[in-house]
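This is model15.cif. It holds mmCIF, C-alpha atoms; chains and numbers go by the auth columns.
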data_input
#
loop_
_atom_site.group_PDB
_atom_site.id
_atom_site.type_symbol
_atom_site.label_atom_id
_atom_site.label_comp_id
_atom_site.label_asym_id
_atom_site.label_seq_id
_atom_site.Cartn_x
_atom_site.Cartn_y
_atom_site.Cartn_z
_atom_site.B_iso_or_equiv
_atom_site.auth_seq_id
_atom_site.auth_asym_id
ATOM 1 C CA MET A 1 0.000 0.000 0.000 0.00 1 B
ATOM 2 C CA THR A 2 1.351 3.405 -0.979 0.00 2 B
ATOM 3 C CA ALA A 3 1.685 6.007 1.750 0.00 3 B
ATOM 4 C CA GLY A 4 -0.472 9.088 1.409 0.00 4 B
ATOM 5 C CA PRO A 5 0.844 12.639 1.112 0.00 5 B
ATOM 6 C CA ARG A 6 0.704 13.298 4.880 0.00 6 B
ATOM 7 C CA ALA A 7 2.813 10.241 5.701 0.00 7 B
ATOM 8 C CA ARG A 8 5.227 11.011 2.852 0.00 8 B
ATOM 9 C CA LEU A 9 5.609 14.610 4.015 0.00 9 B
ATOM 10 C CA ILE A 10 6.385 13.498 7.575 0.00 10 B
ATOM 11 C CA ALA A 11 8.801 10.771 6.462 0.00 11 B
ATOM 12 C CA SER A 12 10.662 13.111 4.123 0.00 12 B
ATOM 13 C CA THR A 13 10.825 15.772 6.845 0.00 13 B
ATOM 14 C CA ILE A 14 12.324 13.331 9.323 0.00 14 B
ATOM 15 C CA ALA A 15 14.897 12.079 6.805 0.00 15 B
ATOM 16 C CA THR A 16 15.837 15.572 5.612 0.00 16 B
ATOM 17 C CA VAL A 17 16.263 16.924 9.148 0.00 17 B
ATOM 18 C CA GLN A 18 18.319 13.879 10.141 0.00 18 B
ATOM 19 C CA GLU A 19 20.617 14.418 7.173 0.00 19 B
ATOM 20 C CA HIS A 20 20.802 18.206 6.902 0.00 20 B
ATOM 21 C CA GLY A 21 19.217 19.840 9.942 0.00 21 B
ATOM 22 C CA VAL A 22 16.080 21.912 10.351 0.00 22 B
ATOM 23 C CA HIS A 23 17.193 24.962 8.379 0.00 23 B
ATOM 24 C CA ALA A 24 18.252 22.937 5.349 0.00 24 B
ATOM 25 C CA ALA A 25 14.815 21.320 5.265 0.00 25 B
ATOM 26 C CA GLY A 26 13.319 23.962 3.002 0.00 26 B
ATOM 27 C CA LEU A 27 9.744 23.693 1.861 0.00 27 B
ATOM 28 C CA SER A 28 10.701 23.082 -1.778 0.00 28 B
ATOM 29 C CA GLU A 29 13.063 20.266 -0.780 0.00 29 B
ATOM 30 C CA LEU A 30 10.430 18.662 1.462 0.00 30 B
ATOM 31 C CA LEU A 31 7.773 18.803 -1.250 0.00 31 B
ATOM 32 C CA LYS A 32 10.154 17.409 -3.870 0.00 32 B
ATOM 33 C CA ARG A 33 11.457 14.643 -1.630 0.00 33 B
ATOM 34 C CA SER A 34 7.950 13.592 -0.532 0.00 34 B
ATOM 35 C CA ASN A 35 6.471 13.873 -4.026 0.00 35 B
ATOM 36 C CA ALA A 36 3.672 15.955 -2.522 0.00 36 B
ATOM 37 C CA SER A 37 2.087 19.164 -3.729 0.00 37 B
ATOM 38 C CA ARG A 38 2.013 22.474 -1.892 0.00 38 B
ATOM 39 C CA ASN A 39 -1.756 21.976 -1.700 0.00 39 B
ATOM 40 C CA SER A 40 -1.249 18.664 0.116 0.00 40 B
ATOM 41 C CA LEU A 41 1.079 20.325 2.576 0.00 41 B
ATOM 42 C CA TYR A 42 -1.446 23.004 3.508 0.00 42 B
ATOM 43 C CA GLN A 43 -4.338 20.547 3.481 0.00 43 B
ATOM 44 C CA HIS A 44 -2.619 18.366 6.109 0.00 44 B
ATOM 45 C CA PHE A 45 -0.599 21.099 7.849 0.00 45 B
ATOM 46 C CA PRO A 46 -2.552 24.376 7.537 0.00 46 B
ATOM 47 C CA SER A 47 0.109 26.325 9.444 0.00 47 B
ATOM 48 C CA GLY A 48 2.820 25.141 7.052 0.00 48 B
ATOM 49 C CA LYS A 49 6.350 23.956 7.673 0.00 49 B
ATOM 50 C CA GLY A 50 6.342 24.650 11.439 0.00 50 B
ATOM 51 C CA GLU A 51 3.319 22.434 11.973 0.00 51 B
ATOM 52 C CA LEU A 52 4.874 19.728 9.776 0.00 52 B
ATOM 53 C CA MET A 53 8.112 19.876 11.801 0.00 53 B
ATOM 54 C CA GLU A 54 6.196 19.541 15.072 0.00 54 B
ATOM 55 C CA ALA A 55 4.240 16.553 13.731 0.00 55 B
ATOM 56 C CA ALA A 56 7.525 14.921 12.680 0.00 56 B
ATOM 57 C CA ALA A 57 9.012 15.641 16.124 0.00 57 B
ATOM 58 C CA ARG A 58 6.030 13.984 17.839 0.00 58 B
ATOM 59 C CA ILE A 59 6.427 10.866 15.718 0.00 59 B
ATOM 60 C CA VAL A 60 10.182 10.643 16.287 0.00 60 B
ATOM 61 C CA SER A 61 9.593 11.177 19.999 0.00 61 B
ATOM 62 C CA ARG A 62 7.094 8.296 20.137 0.00 62 B
ATOM 63 C CA VAL A 63 9.283 5.920 18.123 0.00 63 B
ATOM 64 C CA VAL A 64 12.331 6.565 20.312 0.00 64 B
ATOM 65 C CA TYR A 65 10.208 6.452 23.480 0.00 65 B
ATOM 66 C CA SER A 66 8.936 3.027 22.424 0.00 66 B
ATOM 67 C CA HIS A 67 12.504 1.739 22.039 0.00 67 B
ATOM 68 C CA VAL A 68 13.664 3.349 25.290 0.00 68 B
ATOM 69 C CA SER A 69 10.640 1.926 27.108 0.00 69 B
ATOM 70 C CA ARG A 70 11.300 -1.582 25.815 0.00 70 B
ATOM 71 C CA MET A 71 14.935 -1.282 26.862 0.00 71 B
ATOM 72 C CA ALA A 72 14.010 0.101 30.298 0.00 72 B
ATOM 73 C CA ASP A 73 11.737 -2.899 30.852 0.00 73 B
ATOM 74 C CA ALA A 74 14.481 -5.296 29.686 0.00 74 B
ATOM 75 C CA LEU A 75 17.232 -3.945 31.960 0.00 75 B
ATOM 76 C CA PRO A 76 16.308 -5.777 35.198 0.00 76 B
ATOM 77 C CA THR A 77 16.590 -9.154 33.447 0.00 77 B
ATOM 78 C CA ALA A 78 19.384 -8.320 30.981 0.00 78 B
ATOM 79 C CA PRO A 79 22.100 -10.989 30.826 0.00 79 B
ATOM 80 C CA SER A 80 24.817 -8.324 31.102 0.00 80 B
ATOM 81 C CA PRO A 81 25.250 -4.541 30.880 0.00 81 B
ATOM 82 C CA GLU A 82 27.218 -5.034 27.648 0.00 82 B
ATOM 83 C CA ARG A 83 24.441 -6.991 25.916 0.00 83 B
ATOM 84 C CA TRP A 84 21.818 -4.519 27.121 0.00 84 B
ATOM 85 C CA LEU A 85 23.872 -1.581 25.839 0.00 85 B
ATOM 86 C CA ASP A 86 24.443 -3.325 22.497 0.00 86 B
ATOM 87 C CA GLU A 87 20.687 -3.537 22.017 0.00 87 B
ATOM 88 C CA LEU A 88 20.033 -0.014 23.288 0.00 88 B
ATOM 89 C CA LEU A 89 22.670 1.524 21.015 0.00 89 B
ATOM 90 C CA ALA A 90 21.788 -0.594 17.972 0.00 90 B
ATOM 91 C CA PHE A 91 18.641 1.486 17.475 0.00 91 B
ATOM 92 C CA TRP A 92 20.752 4.528 16.507 0.00 92 B
ATOM 93 C CA ARG A 93 23.888 2.783 15.328 0.00 93 B
ATOM 94 C CA THR A 94 22.126 0.598 12.762 0.00 94 B
ATOM 95 C CA GLU A 95 20.378 3.556 11.149 0.00 95 B
ATOM 96 C CA LEU A 96 23.629 5.507 10.981 0.00 96 B
ATOM 97 C CA GLU A 97 25.532 2.628 9.422 0.00 97 B
ATOM 98 C CA SER A 98 22.800 1.796 6.912 0.00 98 B
ATOM 99 C CA SER A 99 22.624 5.462 5.819 0.00 99 B
ATOM 100 C CA ASP A 100 26.399 5.613 5.333 0.00 100 B
ATOM 101 C CA TYR A 101 26.540 7.960 8.350 0.00 101 B
ATOM 102 C CA ARG A 102 24.100 10.523 6.893 0.00 102 B
ATOM 103 C CA ALA A 103 21.103 9.946 9.220 0.00 103 B
ATOM 104 C CA GLY A 104 21.807 11.922 12.367 0.00 104 B
ATOM 105 C CA SER A 105 19.561 12.783 15.278 0.00 105 B
ATOM 106 C CA PHE A 106 16.286 14.503 14.441 0.00 106 B
ATOM 107 C CA MET A 107 15.851 15.583 18.074 0.00 107 B
ATOM 108 C CA MET A 108 19.304 17.081 18.305 0.00 108 B
ATOM 109 C CA ALA A 109 18.612 19.124 15.171 0.00 109 B
ATOM 110 C CA ALA A 110 15.272 20.216 16.638 0.00 110 B
ATOM 111 C CA ALA A 111 16.897 21.104 19.962 0.00 111 B
ATOM 112 C CA LEU A 112 19.378 23.353 18.183 0.00 112 B
ATOM 113 C CA ASP A 113 16.680 25.269 16.291 0.00 113 B
ATOM 114 C CA GLU A 114 16.697 28.579 18.172 0.00 114 B
ATOM 115 C CA LEU A 115 14.375 30.120 15.558 0.00 115 B
ATOM 116 C CA ASP A 116 11.456 27.832 16.409 0.00 116 B
ATOM 117 C CA PRO A 117 10.874 27.790 20.175 0.00 117 B
ATOM 118 C CA SER A 118 7.958 25.356 19.916 0.00 118 B
ATOM 119 C CA LEU A 119 10.072 22.819 18.017 0.00 119 B
ATOM 120 C CA GLN A 120 12.927 23.303 20.462 0.00 120 B
ATOM 121 C CA SER A 121 10.479 22.818 23.325 0.00 121 B
ATOM 122 C CA ALA A 122 9.167 19.610 21.734 0.00 122 B
ATOM 123 C CA ALA A 123 12.752 18.314 21.610 0.00 123 B
ATOM 124 C CA GLY A 124 13.284 19.220 25.257 0.00 124 B
ATOM 125 C CA GLN A 125 10.097 17.429 26.237 0.00 125 B
ATOM 126 C CA ALA A 126 11.140 14.339 24.255 0.00 126 B
ATOM 127 C CA PHE A 127 14.554 14.212 25.929 0.00 127 B
ATOM 128 C CA ALA A 128 12.908 14.618 29.347 0.00 128 B
ATOM 129 C CA GLU A 129 10.437 11.790 28.670 0.00 129 B
ATOM 130 C CA TRP A 130 13.141 9.441 27.373 0.00 130 B
ATOM 131 C CA THR A 131 15.350 10.229 30.360 0.00 131 B
ATOM 132 C CA ALA A 132 12.545 9.613 32.851 0.00 132 B
ATOM 133 C CA ARG A 133 11.602 6.306 31.207 0.00 133 B
ATOM 134 C CA LEU A 134 15.191 5.055 31.220 0.00 134 B
ATOM 135 C CA ALA A 135 15.499 6.133 34.857 0.00 135 B
ATOM 136 C CA ASP A 136 12.455 3.995 35.701 0.00 136 B
ATOM 137 C CA GLY A 137 14.214 0.981 34.183 0.00 137 B
ATOM 138 C CA LEU A 138 17.377 1.681 36.148 0.00 138 B
ATOM 139 C CA VAL A 139 15.373 1.970 39.373 0.00 139 B
ATOM 140 C CA ALA A 140 13.633 -1.331 38.594 0.00 140 B
ATOM 141 C CA ALA A 141 17.091 -2.858 38.146 0.00 141 B
ATOM 142 C CA GLY A 142 18.071 -1.653 41.640 0.00 142 B
ATOM 143 C CA VAL A 143 19.736 1.716 41.039 0.00 143 B
ATOM 144 C CA GLU A 144 18.854 4.467 43.539 0.00 144 B
ATOM 145 C CA ARG A 145 16.438 7.031 42.012 0.00 145 B
ATOM 146 C CA GLY A 146 18.801 10.037 42.094 0.00 146 B
ATOM 147 C CA ALA A 147 21.625 8.093 40.495 0.00 147 B
ATOM 148 C CA ALA A 148 19.199 6.548 37.993 0.00 148 B
ATOM 149 C CA CYS A 149 17.985 9.968 36.834 0.00 149 B
ATOM 150 C CA SER A 150 21.527 11.217 36.409 0.00 150 B
ATOM 151 C CA LEU A 151 22.703 8.037 34.706 0.00 151 B
ATOM 152 C CA SER A 152 19.787 7.968 32.263 0.00 152 B
ATOM 153 C CA GLY A 153 20.482 11.570 31.239 0.00 153 B
ATOM 154 C CA LEU A 154 24.127 10.702 30.746 0.00 154 B
ATOM 155 C CA LEU A 155 23.241 7.640 28.635 0.00 155 B
ATOM 156 C CA LEU A 156 21.169 9.756 26.262 0.00 156 B
ATOM 157 C CA SER A 157 23.800 12.512 26.119 0.00 157 B
ATOM 158 C CA VAL A 158 26.475 9.962 25.247 0.00 158 B
ATOM 159 C CA ILE A 159 24.246 8.470 22.532 0.00 159 B
ATOM 160 C CA GLU A 160 23.656 11.897 20.972 0.00 160 B
ATOM 161 C CA GLY A 161 27.385 12.629 21.116 0.00 161 B
ATOM 162 C CA ALA A 162 28.226 9.264 19.561 0.00 162 B
ATOM 163 C CA ILE A 163 25.839 10.052 16.701 0.00 163 B
ATOM 164 C CA VAL A 164 27.593 13.362 16.010 0.00 164 B
ATOM 165 C CA GLN A 165 31.085 11.884 16.205 0.00 165 B
ATOM 166 C CA SER A 166 30.135 8.875 14.070 0.00 166 B
ATOM 167 C CA ARG A 167 28.764 11.164 11.369 0.00 167 B
ATOM 168 C CA ALA A 168 31.887 13.314 11.402 0.00 168 B
ATOM 169 C CA LEU A 169 34.268 10.346 11.385 0.00 169 B
ATOM 170 C CA LYS A 170 32.142 8.141 9.095 0.00 170 B
ATOM 171 C CA SER A 171 32.775 5.390 11.618 0.00 171 B
ATOM 172 C CA SER A 172 30.945 3.479 14.354 0.00 172 B
ATOM 173 C CA HIS A 173 34.007 3.633 16.577 0.00 173 B
ATOM 174 C CA PRO A 174 32.404 6.286 18.864 0.00 174 B
ATOM 175 C CA PHE A 175 29.584 3.808 19.551 0.00 175 B
ATOM 176 C CA ASP A 176 32.158 1.157 20.472 0.00 176 B
ATOM 177 C CA ASP A 177 33.813 3.571 22.894 0.00 177 B
ATOM 178 C CA ALA A 178 30.444 4.608 24.329 0.00 178 B
ATOM 179 C CA ARG A 179 29.372 1.000 24.835 0.00 179 B
ATOM 180 C CA ASN A 180 32.606 -0.003 26.518 0.00 180 B
ATOM 181 C CA GLN A 181 32.737 2.908 28.944 0.00 181 B
ATOM 182 C CA LEU A 182 29.007 2.953 29.676 0.00 182 B
ATOM 183 C CA ALA A 183 29.202 -0.762 30.490 0.00 183 B
ATOM 184 C CA VAL A 184 31.781 -0.040 33.200 0.00 184 B
ATOM 185 C CA LEU A 185 29.601 2.691 34.661 0.00 185 B
ATOM 186 C CA LEU A 186 26.394 0.689 34.419 0.00 186 B
ATOM 187 C CA ARG A 187 28.008 -2.390 35.980 0.00 187 B
ATOM 188 C CA HIS A 188 29.240 -0.212 38.869 0.00 188 B
ATOM 189 C CA HIS A 189 25.714 1.079 39.565 0.00 189 B
ATOM 190 C CA LEU A 190 24.066 -2.303 39.193 0.00 190 B
ATOM 191 C CA GLU A 191 26.570 -4.037 41.476 0.00 191 B
ATOM 192 C CA ALA A 192 26.244 -1.309 44.120 0.00 192 B
ATOM 193 C CA ARG A 193 22.649 -2.283 44.866 0.00 193 B
#
How does this structure look as structure tokens?
Amino acid sequence: MTAGPRARLIASTIATVQEHGVHAAGLSELLKRSNASRNSLYQHFPSGKGELMEAAARIVSRVVYSHVSRMADALPTAPSPERWLDELLAFWRTELESSDYRAGSFMMAAALDELDPSLQSAAGQAFAEWTARLADGLVAAGVERGAACSLSGLLLSVIEGAIVQSRALKSSHPFDDARNQLAVLLRHHLEAR
């Protein structure tokens, strides 16, 4: 089944922002990439590009939240911190590798968009929700709440940084470093319970 113009517009917006950032995602590029008309854009997003960006941000937020939630639930019974981290990181790493290191972080691009406070706010809310959900998983695995909140924020910050470095280096090596060092830290917190 072929996706309709709304779905194509959102998908092309996500891909364009991941590759080039918010400001490079011009309306003409989005319409061309989605094979949608200007009429379709305004039919589905009457307020234009800003509304389209916010819709894309909500979808990305939900997709990542779903992965983070699954991983948070899996942590208490994970066979090892290393295996858990491999699965957590694979969500971002696999997309980067399969895009030849072009697909960066939509939320990071949105967070850096100082010209659109509502998009920046949506990114902040997404990061806060992901952090809180990961913290819940750490608490369920026996980590004290304060440490869990701090550790979950650090995990997401390291992931975002690994995405940036991997894109710049055209290599997954930053994900290897992140996994190895986060495993030491995670093991320390899990064994301290």
Answer key for the PyMOL selection byres ((chain B and resi 183) around 9), residues as a count of residues only: 15
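The space between atom CA of Asp116 of chain B and atom CA of Ile163 of chain B spans 22.9 Å.
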Considering all atoms listed in the file, return as an NGL selection string whatever protein or nucleic-acid residues lie within 10 Å of Ala140 of chain B, sequence-local ones (same chain, fewer than 4 positions apart) excluded. :B and (72-77 or 134-136 or 144-145 or 148)
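From atom CA of Glu191 of chain B back to atom CA of Cys149 of chain B, the distance works out to 17.1 Å.
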Selection dump of the PyMOL selection byres ((chain B and resi 15) around 12), as number ranges by chain: B: 8-14, 16-22, 24-25, 29-30, 33-34, 53, 56-57, 60, 95-96, 99, 102-107, 109
So which residues get picked by the PyMOL selection byres ((chain B and resi 68) around 9) here, written as a PyMOL selection string? chain B and resi 63-67+69-73+88+130-131+133-134
Contacts of Phe175 of chain B within 12 Å, only C-alpha atoms, excl. fewer than 5 positions in-chain, as a compact mmCIF listing (two decimals) with C-alpha atoms, keeping the file's coordinate frame:
# COMPACT_ATOMS: atom_id res chain seq x y z
CA LEU B 85 23.87 -1.58 25.84
CA ASP B 86 24.44 -3.32 22.50
CA GLU B 87 20.69 -3.54 22.02
CA LEU B 88 20.03 -0.01 23.29
CA LEU B 89 22.67 1.52 21.02
CA ALA B 90 21.79 -0.59 17.97
CA PHE B 91 18.64 1.49 17.48
CA TRP B 92 20.75 4.53 16.51
CA ARG B 93 23.89 2.78 15.33
CA THR B 94 22.13 0.60 12.76
CA LEU B 96 23.63 5.51 10.98
CA GLU B 97 25.53 2.63 9.42
CA LEU B 155 23.24 7.64 28.64
CA VAL B 158 26.48 9.96 25.25
CA ILE B 159 24.25 8.47 22.53
CA GLU B 160 23.66 11.90 20.97
CA GLY B 161 27.38 12.63 21.12
CA ALA B 162 28.23 9.26 19.56
CA ILE B 163 25.84 10.05 16.70
CA VAL B 164 27.59 13.36 16.01
CA GLN B 165 31.08 11.88 16.20
CA SER B 166 30.14 8.88 14.07
CA ARG B 167 28.76 11.16 11.37
CA LEU B 169 34.27 10.35 11.38
CA LYS B 170 32.14 8.14 9.10
CA ASN B 180 32.61 0.00 26.52
CA GLN B 181 32.74 2.91 28.94
CA LEU B 182 29.01 2.95 29.68
CA ALA B 183 29.20 -0.76 30.49
One-decimal distance in Å that lies between atom CA of Ser37 of chain B and atom CA of Glu51 of chain B: 16.1 Å
Residue nearest Ser40 of chain B among B:Gly26, B:Pro174, B:Gly146, B:Gly4 (counting all atoms listed in the file): B:Gly4
Nearest to Ala122 of chain B, restricted to only C-alpha atoms and choosing among B:His23, B:Leu156, B:His44, B:Arg62, comes out as B:Arg62
